[in-house]
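A.B. asks: Sharing start36.csv here; it has CSV, C-alpha atoms.
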```csv
chain,number,residue,atom,x,y,z
E,1,MET,CA,0.0,0.0,0.0
E,2,THR,CA,2.8,2.4,0.8
E,3,ALA,CA,4.6,1.6,-2.5
E,4,THR,CA,1.4,2.2,-4.5
E,5,THR,CA,0.8,5.6,-2.7
E,6,ALA,CA,4.4,6.7,-3.5
E,7,ASN,CA,4.0,6.0,-7.2
E,8,VAL,CA,0.7,7.8,-7.4
E,9,SER,CA,1.8,10.9,-5.5
E,10,ASN,CA,4.7,11.6,-7.9
E,11,PRO,CA,3.3,10.9,-11.4
E,12,THR,CA,5.8,13.2,-13.1
E,13,ASP,CA,8.9,11.4,-11.8
E,14,SER,CA,10.7,9.7,-14.7
E,15,SER,CA,11.6,6.7,-12.5
E,16,SER,CA,7.9,6.0,-12.0
E,17,ALA,CA,7.0,6.2,-15.7
E,18,VAL,CA,5.0,3.2,-17.0
E,19,GLU,CA,7.1,0.8,-19.0
E,20,PRO,CA,6.0,0.1,-22.6
E,21,SER,CA,5.5,-3.6,-21.8
E,22,ARG,CA,2.6,-2.7,-19.5
E,23,LEU,CA,0.7,-0.6,-22.1
E,24,GLY,CA,-0.5,-3.4,-24.4
E,25,ALA,CA,0.5,-5.0,-27.7
E,26,GLY,CA,0.7,-1.8,-29.8
E,27,ALA,CA,2.3,0.3,-27.1
E,28,PRO,CA,6.0,-0.1,-27.9
E,29,GLU,CA,5.6,1.5,-31.3
E,30,VAL,CA,3.7,4.4,-29.8
E,31,TYR,CA,6.2,4.7,-27.1
E,32,GLN,CA,9.1,4.8,-29.6
E,33,ILE,CA,7.3,7.4,-31.7
E,34,ARG,CA,6.8,9.7,-28.8
E,35,ARG,CA,10.4,9.4,-27.7
E,36,SER,CA,11.7,10.0,-31.2
E,37,SER,CA,9.3,12.9,-31.8
E,38,ARG,CA,10.8,14.8,-28.9
E,39,GLY,CA,14.2,14.7,-30.4
E,40,THR,CA,13.3,15.0,-34.1
E,41,PHE,CA,10.4,17.4,-34.4
E,42,GLY,CA,11.7,19.6,-31.6
E,43,ARG,CA,14.9,20.6,-33.5
E,44,THR,CA,15.1,23.3,-36.2
E,45,ASN,CA,17.1,22.7,-39.3
E,46,TRP,CA,18.6,26.1,-39.7
E,47,TRP,CA,20.3,25.3,-43.0
E,48,THR,CA,17.0,24.3,-44.6
E,49,THR,CA,15.3,27.4,-43.2
E,50,LEU,CA,18.0,29.7,-44.5
E,51,LEU,CA,17.8,28.1,-47.9
E,52,ALA,CA,14.0,28.5,-47.9
E,53,VAL,CA,14.4,32.2,-47.0
E,54,VAL,CA,16.9,32.8,-49.8
E,55,LEU,CA,14.8,31.1,-52.4
E,56,SER,CA,11.7,33.0,-51.2
E,57,LEU,CA,13.6,36.3,-51.6
E,58,THR,CA,14.4,35.5,-55.2
E,59,VAL,CA,10.6,35.5,-55.8
E,60,LEU,CA,9.5,38.2,-53.4
E,61,VAL,CA,12.0,40.8,-54.3
E,62,PRO,CA,11.2,40.9,-58.0
E,63,LEU,CA,7.5,40.8,-57.2
E,64,TYR,CA,7.9,43.8,-54.9
E,65,PHE,CA,9.8,45.7,-57.5
E,66,THR,CA,7.1,44.9,-60.1
E,67,VAL,CA,4.3,46.0,-57.9
E,68,VAL,CA,5.8,49.3,-56.8
E,69,THR,CA,6.9,50.1,-60.3
E,70,ALA,CA,3.4,49.6,-61.7
E,71,PHE,CA,2.1,52.4,-59.6
E,72,LYS,CA,4.9,54.9,-60.2
E,73,THR,CA,5.4,57.6,-62.8
E,74,PRO,CA,8.5,57.5,-65.0
E,75,GLU,CA,9.9,60.4,-63.0
E,76,GLU,CA,9.5,58.6,-59.7
E,77,LEU,CA,11.1,55.4,-61.2
E,78,ALA,CA,14.1,57.5,-62.3
E,79,THR,CA,14.4,58.9,-58.8
E,80,SER,CA,14.3,55.7,-56.9
E,81,GLY,CA,13.4,52.2,-58.0
E,82,TRP,CA,12.8,50.6,-54.6
E,83,ALA,CA,10.9,53.4,-52.8
E,84,LEU,CA,7.1,53.2,-52.5
E,85,PRO,CA,5.1,55.5,-54.9
E,86,ARG,CA,4.0,58.8,-53.6
E,87,SER,CA,0.5,58.2,-54.8
E,88,TRP,CA,-1.1,54.8,-55.7
E,89,SER,CA,-2.7,55.7,-59.0
E,90,LEU,CA,-4.3,53.3,-61.5
E,91,ASP,CA,-3.3,55.4,-64.5
E,92,ASN,CA,-0.7,52.9,-65.7
E,93,PHE,CA,-3.2,50.1,-65.6
E,94,ALA,CA,-5.7,52.1,-67.7
E,95,THR,CA,-3.0,52.9,-70.2
E,96,ALA,CA,-1.9,49.3,-70.5
E,97,TRP,CA,-5.5,48.3,-70.9
E,98,GLU,CA,-5.9,50.5,-73.9
E,99,MET,CA,-2.5,50.0,-75.5
E,100,THR,CA,-2.7,46.2,-75.5
E,101,SER,CA,-6.4,45.9,-76.3
E,102,TYR,CA,-6.6,43.8,-73.1
E,103,PRO,CA,-10.1,42.3,-73.5
E,104,ARG,CA,-9.4,41.0,-77.0
E,105,ARG,CA,-6.0,39.7,-76.2
E,106,VAL,CA,-7.2,38.0,-73.0
E,107,LEU,CA,-10.0,36.3,-75.1
E,108,THR,CA,-7.5,35.0,-77.6
E,109,SER,CA,-5.1,33.8,-75.0
E,110,ALA,CA,-8.0,32.1,-73.1
E,111,ILE,CA,-9.2,30.3,-76.2
E,112,ILE,CA,-5.7,29.0,-76.9
E,113,THR,CA,-5.0,28.1,-73.3
E,114,VAL,CA,-8.3,26.3,-72.7
E,115,GLY,CA,-8.1,24.4,-76.0
E,116,ALA,CA,-4.5,23.3,-75.4
E,117,THR,CA,-5.3,22.2,-71.9
E,118,VAL,CA,-8.4,20.2,-72.8
E,119,PHE,CA,-6.9,18.4,-75.8
E,120,THR,CA,-3.7,17.7,-73.9
E,121,LEU,CA,-5.6,16.0,-71.1
E,122,LEU,CA,-7.7,13.9,-73.4
E,123,SER,CA,-5.0,12.8,-75.9
E,124,ASN,CA,-1.9,12.6,-73.7
E,125,SER,CA,-3.6,10.5,-71.0
E,126,MET,CA,-4.8,8.0,-73.6
E,127,VAL,CA,-1.3,7.7,-75.2
E,128,ALA,CA,0.3,7.3,-71.7
E,129,TYR,CA,-2.3,4.7,-70.7
E,130,ALA,CA,-1.6,2.6,-73.8
E,131,LEU,CA,2.2,2.8,-73.2
E,132,GLY,CA,2.0,2.3,-69.5
E,133,ARG,CA,0.0,-0.9,-69.7
E,134,ASN,CA,2.1,-2.4,-72.5
E,135,MET,CA,5.7,-1.6,-71.3
E,136,HIS,CA,6.4,-5.3,-71.2
E,137,ARG,CA,6.2,-5.3,-75.0
E,138,PRO,CA,9.4,-4.3,-76.8
E,139,TRP,CA,7.6,-2.1,-79.4
E,140,PHE,CA,5.7,-0.1,-76.8
E,141,ARG,CA,8.9,0.3,-74.7
E,142,ARG,CA,10.8,1.6,-77.7
E,143,LEU,CA,7.9,4.0,-78.5
E,144,TYR,CA,8.0,5.2,-74.9
E,145,TYR,CA,11.7,6.0,-75.1
E,146,TYR,CA,11.1,7.7,-78.4
E,147,PHE,CA,8.6,10.1,-76.9
E,148,VAL,CA,10.7,10.8,-73.9
E,149,ALA,CA,13.8,11.5,-76.1
E,150,ALA,CA,11.9,14.5,-77.4
E,151,LEU,CA,12.6,16.2,-74.1
E,152,PHE,CA,16.2,16.6,-75.2
E,153,VAL,CA,15.5,18.4,-78.5
E,154,PRO,CA,15.5,22.2,-78.1
E,155,PHE,CA,12.7,24.0,-79.9
E,156,PRO,CA,15.0,26.5,-81.8
E,157,ILE,CA,16.5,23.5,-83.7
E,158,ILE,CA,13.2,22.6,-85.2
E,159,MET,CA,11.6,26.1,-85.2
E,160,LEU,CA,12.1,27.0,-88.9
E,161,PRO,CA,10.7,23.7,-90.3
E,162,VAL,CA,7.7,23.9,-88.0
E,163,VAL,CA,7.0,27.5,-89.1
E,164,LYS,CA,7.2,26.4,-92.8
E,165,GLU,CA,5.0,23.4,-92.3
E,166,THR,CA,2.3,25.3,-90.4
E,167,ALA,CA,2.2,27.9,-93.1
E,168,LEU,CA,1.8,25.3,-95.8
E,169,LEU,CA,-1.0,23.5,-93.9
E,170,HIS,CA,-2.7,26.8,-93.1
E,171,LEU,CA,-2.2,26.2,-89.4
E,172,ASP,CA,-0.6,29.6,-88.7
E,173,ASN,CA,-3.5,30.5,-86.4
E,174,GLU,CA,-5.0,29.6,-83.0
E,175,ALA,CA,-5.8,26.1,-84.1
E,176,GLY,CA,-2.2,25.5,-85.1
E,177,LEU,CA,-1.0,26.8,-81.8
E,178,ILE,CA,-3.3,24.5,-79.9
E,179,LEU,CA,-2.1,21.5,-81.9
E,180,LEU,CA,1.6,22.4,-81.3
E,181,TYR,CA,1.1,22.8,-77.6
E,182,VAL,CA,-0.6,19.3,-77.4
E,183,VAL,CA,2.2,17.7,-79.4
E,184,TYR,CA,5.2,19.5,-77.8
E,185,GLY,CA,3.9,18.7,-74.3
E,186,LEU,CA,3.5,15.0,-75.1
E,187,ALA,CA,7.0,13.9,-74.0
E,188,PHE,CA,6.9,15.4,-70.6
E,189,ASN,CA,3.2,14.5,-70.0
E,190,ILE,CA,3.8,10.8,-70.9
E,191,LEU,CA,6.6,10.7,-68.4
E,192,MET,CA,4.3,12.1,-65.7
E,193,TYR,CA,1.3,9.9,-66.6
E,194,THR,CA,3.0,6.6,-67.0
E,195,SER,CA,4.7,6.8,-63.5
E,196,PHE,CA,1.2,7.5,-62.1
E,197,ILE,CA,-0.5,4.8,-64.0
E,198,LYS,CA,1.9,2.2,-62.6
E,199,SER,CA,0.5,2.9,-59.2
E,200,ILE,CA,-3.0,2.0,-60.2
E,201,PRO,CA,-3.8,-1.7,-59.6
E,202,GLU,CA,-4.4,-3.7,-62.7
E,203,GLU,CA,-6.9,-5.8,-60.8
E,204,LEU,CA,-9.5,-3.0,-61.2
E,205,GLU,CA,-9.3,-3.3,-65.0
E,206,GLU,CA,-9.4,-7.1,-64.9
E,207,ALA,CA,-12.5,-7.0,-62.7
E,208,ALA,CA,-14.2,-4.6,-65.1
E,209,ALA,CA,-13.2,-6.7,-68.1
E,210,MET,CA,-14.7,-9.8,-66.5
E,211,ASP,CA,-18.0,-7.8,-66.2
E,212,GLY,CA,-17.9,-7.2,-69.9
E,213,ALA,CA,-16.4,-3.7,-70.1
E,214,SER,CA,-14.5,-2.8,-73.2
E,215,ARG,CA,-11.0,-1.2,-73.1
E,216,TRP,CA,-12.6,2.1,-74.0
E,217,THR,CA,-15.1,1.9,-71.2
E,218,ILE,CA,-12.4,0.8,-68.7
E,219,PHE,CA,-10.3,3.9,-69.5
E,220,TRP,CA,-13.1,6.5,-69.3
E,221,ARG,CA,-15.0,4.9,-66.4
E,222,ILE,CA,-12.1,3.7,-64.2
E,223,ILE,CA,-8.7,5.0,-65.3
E,224,PHE,CA,-9.4,8.5,-66.2
E,225,PRO,CA,-11.3,9.4,-63.0
E,226,LEU,CA,-8.4,7.9,-61.0
E,227,LEU,CA,-6.0,10.1,-63.0
E,228,SER,CA,-7.6,13.3,-61.5
E,229,PRO,CA,-4.6,14.4,-59.4
E,230,MET,CA,-2.2,13.9,-62.4
E,231,ASN,CA,-4.8,15.5,-64.7
E,232,ALA,CA,-4.7,18.6,-62.5
E,233,THR,CA,-0.9,18.6,-62.5
E,234,VAL,CA,-0.6,18.3,-66.3
E,235,GLY,CA,-3.5,20.7,-66.8
E,236,ILE,CA,-2.1,23.5,-64.7
E,237,LEU,CA,1.4,23.1,-66.2
E,238,THR,CA,0.0,23.2,-69.7
E,239,CYS,CA,-2.3,26.2,-68.8
E,240,LEU,CA,0.7,28.2,-67.5
E,241,TRP,CA,2.8,27.3,-70.5
E,242,ALA,CA,0.2,28.2,-73.1
E,243,TRP,CA,-0.8,31.4,-71.3
E,244,ASN,CA,2.7,32.8,-70.8
E,245,ASP,CA,4.4,31.5,-73.9
E,246,PHE,CA,6.0,34.2,-76.2
E,247,LEU,CA,8.2,32.4,-78.7
E,248,LEU,CA,5.7,30.0,-80.2
E,249,PRO,CA,3.0,32.5,-80.9
E,250,LEU,CA,5.6,34.9,-82.2
E,251,VAL,CA,6.8,32.6,-85.0
E,252,ILE,CA,3.5,30.8,-85.7
E,253,LEU,CA,0.8,33.6,-85.8
E,254,THR,CA,0.9,35.7,-89.0
E,255,ASP,CA,-2.2,37.7,-88.3
E,256,GLN,CA,-1.3,40.4,-85.8
E,257,THR,CA,-4.9,41.0,-84.9
E,258,LYS,CA,-5.0,37.6,-83.3
E,259,ALA,CA,-1.9,38.1,-81.2
E,260,THR,CA,-1.9,36.7,-77.6
E,261,LEU,CA,-1.4,38.8,-74.5
E,262,PRO,CA,2.4,38.2,-74.2
E,263,LEU,CA,2.8,39.4,-77.9
E,264,ALA,CA,0.6,42.4,-77.3
E,265,GLN,CA,2.9,43.4,-74.4
E,266,TYR,CA,5.8,43.7,-76.8
E,267,VAL,CA,4.3,47.1,-77.8
E,268,PHE,CA,6.0,48.6,-74.7
E,269,GLN,CA,9.5,47.8,-76.0
E,270,GLY,CA,10.6,50.8,-78.0
E,271,GLN,CA,13.8,51.3,-80.0
E,272,PHE,CA,15.3,53.8,-77.7
E,273,ASN,CA,13.3,53.6,-74.5
E,274,THR,CA,10.8,51.4,-72.6
E,275,ASN,CA,7.8,52.6,-70.6
E,276,TYR,CA,8.5,50.4,-67.5
E,277,PRO,CA,5.7,51.6,-65.3
E,278,VAL,CA,3.0,50.8,-67.9
E,279,SER,CA,4.7,47.6,-69.0
E,280,PHE,CA,4.9,46.4,-65.4
E,281,ALA,CA,1.3,47.2,-64.9
E,282,SER,CA,0.5,45.1,-67.9
E,283,TYR,CA,2.5,42.2,-66.6
E,284,LEU,CA,0.5,42.3,-63.4
E,285,MET,CA,-2.7,42.2,-65.3
E,286,ALA,CA,-1.4,39.3,-67.4
E,287,ILE,CA,-0.4,37.1,-64.4
E,288,ALA,CA,-3.5,37.8,-62.4
E,289,PRO,CA,-5.7,35.1,-64.0
E,290,MET,CA,-3.1,32.4,-63.9
E,291,PHE,CA,-2.2,33.3,-60.3
E,292,LEU,CA,-5.8,32.7,-59.3
E,293,VAL,CA,-5.9,29.4,-61.2
E,294,TYR,CA,-2.7,28.2,-59.5
E,295,VAL,CA,-3.8,29.3,-56.0
E,296,ILE,CA,-7.1,27.4,-56.4
E,297,ALA,CA,-5.6,24.2,-57.9
E,298,GLN,CA,-2.1,24.0,-56.4
E,299,ARG,CA,-3.1,21.3,-53.9
E,300,TRP,CA,-3.9,19.0,-56.8
E,301,VAL,CA,-0.6,19.7,-58.4
E,302,ILE,CA,1.3,18.7,-55.2
E,303,SER,CA,-0.9,15.6,-54.8
E,304,GLY,CA,-0.4,14.5,-58.3
E,305,VAL,CA,3.4,14.9,-58.1
E,306,MET,CA,3.6,13.0,-54.8
E,307,ARG,CA,1.3,10.2,-55.9
E,308,GLY,CA,3.0,9.9,-59.3
E,309,SER,CA,6.3,9.2,-57.5
E,310,GLN,CA,4.9,6.2,-55.8
E,311,LYS,CA,4.8,2.7,-57.2
```
Go ahead and express the file in the form of C-alpha cells.
C.D. replies:
Amino acid sequence: MTATTANVSNPTDSSSAVEPSRLGAGAPEVYQIRRSSRGTFGRTNWWTTLLAVVLSLTVLVPLYFTVVTAFKTPEELATSGWALPRSWSLDNFATAWEMTSYPRRVLTSAIITVGATVFTLLSNSMVAYALGRNMHRPWFRRLYYYFVAALFVPFPIIMLPVVKETALLHLDNEAGLILLYVVYGLAFNILMYTSFIKSIPEELEEAAAMDGASRWTIFWRIIFPLLSPMNATVGILTCLWAWNDFLLPLVILTDQTKATLPLAQYVFQGQFNTNYPVSFASYLMAIAPMFLVYVIAQRWVISGVMRGSQK
C-alpha cells in the first residue's frame, strides 16, 4: 500500500513512468514514436530554413519591384526604384488596358489556353495509358523512349521547319498553336502519366473486363477518374505554359490582330526607351488570371506529383 501511494503521489517522476510492456501490444511502437518525436520534431534545421528564406527572396524581391513600379510615374522610377510610390494611382493600368487591347488579347489567350489544356488531357492521357499498360512489349517500350527522347530536342533547332509546315498547312492561327502545344507537351506528360498509371492496380481493370467492359469503357469509367490528381498537374502546367508563352505565338501567328497577350505586351518595348511603369502594370494584369488558377488548384498539383512518384 505504501509503494502504491508513493507511485501515485509523484506521477511526473521519470523513475515511476510506465514501461512500454505494461501498455499493451501496440504500445512499444507508440512509445518509440513519442520518444523520437521529442528529439526529431523539436529541432530546427537552420540550413534548410536559411535556404528557404533565400529562395523566397528570389521571388518576393522581383515581385515587390514589379508592384511598386506599376504604380509609379517614369519620374518617380528614375528617382528611386525601390521606394514606394508617392500616390497609388491606376493610370498605368488604364494605359496598359488601352495599348494592349486587353479584353481582345485575353480572349485570344484564353481560347488557346483552354483548347490546349483540354486536348492535352484527353489525348496525352490515352497515349500514356496505352504505353504504361504495355511496357512489357518491346515495341511499346521503344515507342515510350522515343517520346521521352523529345525532351532533349531544343525548340530552336526545329523552329524553322515547324514554321514552314504550319504555313503550308494553313495552321498559322489559333488552331495550329493548340495543336503544337498538345504535341510538344506529349513527351513530358507521358513521363508524368506513366509513372502515375503504374501505381493503379491492374486488378481493377481485370474485374471490369470480367464484367464485360471494353477497353474504351475501362479507360473512361475507371482509369481517367483515377487520374484526377495527375490531370490537375498536367492541366495546370499546360495552362501556365500556353498562357505565358511568347516564342511559339511569335513565330506561328501571322495575323497580328490575333496576337496573344504576351505578344501584345511587346508594344511597350521601343527602339530607344521602354515605358517600364506601364509595362509592369500590364505584366501584373497578365499574371493575375493564372495566379488565381494556381492558388485554387495548387493542392492538386502537389498531390499529383507526390502520388506519381509512388509505385
A.B. asks: Determine, counting only C-alpha atoms, which protein, DNA and RNA residues have an atom within 12 Å of an atom of Pro289 of chain E; residues of the same chain fewer than 6 positions away are not included. Present the result as a PyMOL selection string.
C.D. replies: chain E and resi 106-107+109-110+113+239-240+243-244+261+283+295-296
A.B. asks: Between atom CA of Phe196 of chain E and atom CA of Leu226 of chain E, what is the spacing in Å?
C.D. replies: 9.7 Å
A.B. asks: Tell me, in Å to one decimal, how far atom CA of Glu76 of chain E is from atom CA of Phe291 of chain E.
C.D. replies: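 Atom-to-atom, atom CA of Glu76 of chain E to atom CA of Phe291 of chain E, that is 27.9 Å.
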A.B. asks: Kindly give the distance, in Å, that separates atom CA of Lys198 of chain E and atom CA of Phe224 of chain E, rounded to a single decimal.
C.D. replies: 13.4 Å
A.B. asks: Under the rule of at most 10 Å, produce a per-residue listing of segment 137-207 of chain E near segment 215-221 of chain E: chain, number, name, the closest pair of atoms, and the distance in Å, as JSON lines, using all atoms listed in the file.
C.D. replies:
```
{"residue": "E:Leu204", "atom": "CA", "partner": "E:Ile218", "partner_atom": "CA", "distance": 8.9}
{"residue": "E:Glu205", "atom": "CA", "partner": "E:Ile218", "partner_atom": "CA", "distance": 6.3}
{"residue": "E:Glu206", "atom": "CA", "partner": "E:Ile218", "partner_atom": "CA", "distance": 9.3}
{"residue": "E:Ala207", "atom": "CA", "partner": "E:Ile218", "partner_atom": "CA", "distance": 9.8}
```
A.B. asks: Near Trp97 of chain E, within 10 Å and counting all atoms listed in the file, which residues show up once chain neighbours fewer than 6 positions away are dropped, as a list in words?
C.D. replies: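 These residues fall inside the cut-off: Asp91, Pro103, Val278, Ala281, Ser282 and Met285 of chain E.
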A.B. asks: Please provide the set of residues having any atom within 7 Å of segment 176-190 of chain E, restricted to only C-alpha atoms, with same-chain residues fewer than 4 positions apart removed, written as a PDB file with C-alpha atoms, keeping the file's coordinate frame.
C.D. replies:
```pdb
ATOM      1  CA  ILE E 112      -5.700  29.000 -76.900  1.00  0.00           C
ATOM      2  CA  GLY E 115      -8.100  24.400 -76.000  1.00  0.00           C
ATOM      3  CA  ALA E 116      -4.500  23.300 -75.400  1.00  0.00           C
ATOM      4  CA  PHE E 119      -6.900  18.400 -75.800  1.00  0.00           C
ATOM      5  CA  THR E 120      -3.700  17.700 -73.900  1.00  0.00           C
ATOM      6  CA  ASN E 124      -1.900  12.600 -73.700  1.00  0.00           C
ATOM      7  CA  ALA E 128       0.300   7.300 -71.700  1.00  0.00           C
ATOM      8  CA  PHE E 147       8.600  10.100 -76.900  1.00  0.00           C
ATOM      9  CA  VAL E 148      10.700  10.800 -73.900  1.00  0.00           C
ATOM     10  CA  ALA E 150      11.900  14.500 -77.400  1.00  0.00           C
ATOM     11  CA  LEU E 151      12.600  16.200 -74.100  1.00  0.00           C
ATOM     12  CA  THR E 166       2.300  25.300 -90.400  1.00  0.00           C
ATOM     13  CA  LEU E 171      -2.200  26.200 -89.400  1.00  0.00           C
ATOM     14  CA  ASP E 172      -0.600  29.600 -88.700  1.00  0.00           C
ATOM     15  CA  THR E 194       3.000   6.600 -67.000  1.00  0.00           C
ATOM     16  CA  VAL E 234      -0.600  18.300 -66.300  1.00  0.00           C
TER      17      VAL E 234
END
```
A.B. asks: Please determine the residues with any atom at most 12 Å from (9.3, 35.7, -86.9) (coordinates as given in the file, with only C-alpha atoms counting) and report them as a ChimeraX atom specification.
C.D. replies: /E:156,159-160,162-164,172,246-256,263
A.B. asks: For Trp82 of chain E, please output as a compact mmCIF listing (two decimals) with C-alpha atoms, in the frame of the given file all residues within 12 Å (counting only C-alpha atoms; exclusion window: fewer than 3 positions along the same chain).
C.D. replies:
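Result file selection.txt:
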```txt
# COMPACT_ATOMS: atom_id res chain seq x y z
CA VAL E 61 12.00 40.80 -54.30
CA PRO E 62 11.20 40.90 -58.00
CA LEU E 63 7.50 40.80 -57.20
CA TYR E 64 7.90 43.80 -54.90
CA PHE E 65 9.80 45.70 -57.50
CA THR E 66 7.10 44.90 -60.10
CA VAL E 67 4.30 46.00 -57.90
CA VAL E 68 5.80 49.30 -56.80
CA THR E 69 6.90 50.10 -60.30
CA ALA E 70 3.40 49.60 -61.70
CA PHE E 71 2.10 52.40 -59.60
CA LYS E 72 4.90 54.90 -60.20
CA GLU E 76 9.50 58.60 -59.70
CA LEU E 77 11.10 55.40 -61.20
CA ALA E 78 14.10 57.50 -62.30
CA THR E 79 14.40 58.90 -58.80
CA PRO E 85 5.10 55.50 -54.90
```
A.B. asks: Looking at all atoms listed in the file, which of E:Met99, E:Met230, E:Leu84, E:Leu143 is the one that sits closest to Val127 of chain E?
C.D. replies: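 Under the stated criterion, the closest residue is E:Leu143.
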A.B. asks: May I have the residues within 12 Å of Ala232 of chain E as a ChimeraX atom specification, using all atoms listed in the file and disregarding those fewer than 3 positions away in the same chain?
C.D. replies: /E:117-118,120-121,125,189,192-193,224-229,235-239,293-294,296-305
A.B. asks: Go through E:Val54, E:Ala83, E:Ala149, E:Ile197 and flag the residue nearest Met126 of chain E, using all atoms listed in the file for the distances.
C.D. replies: E:Ile197
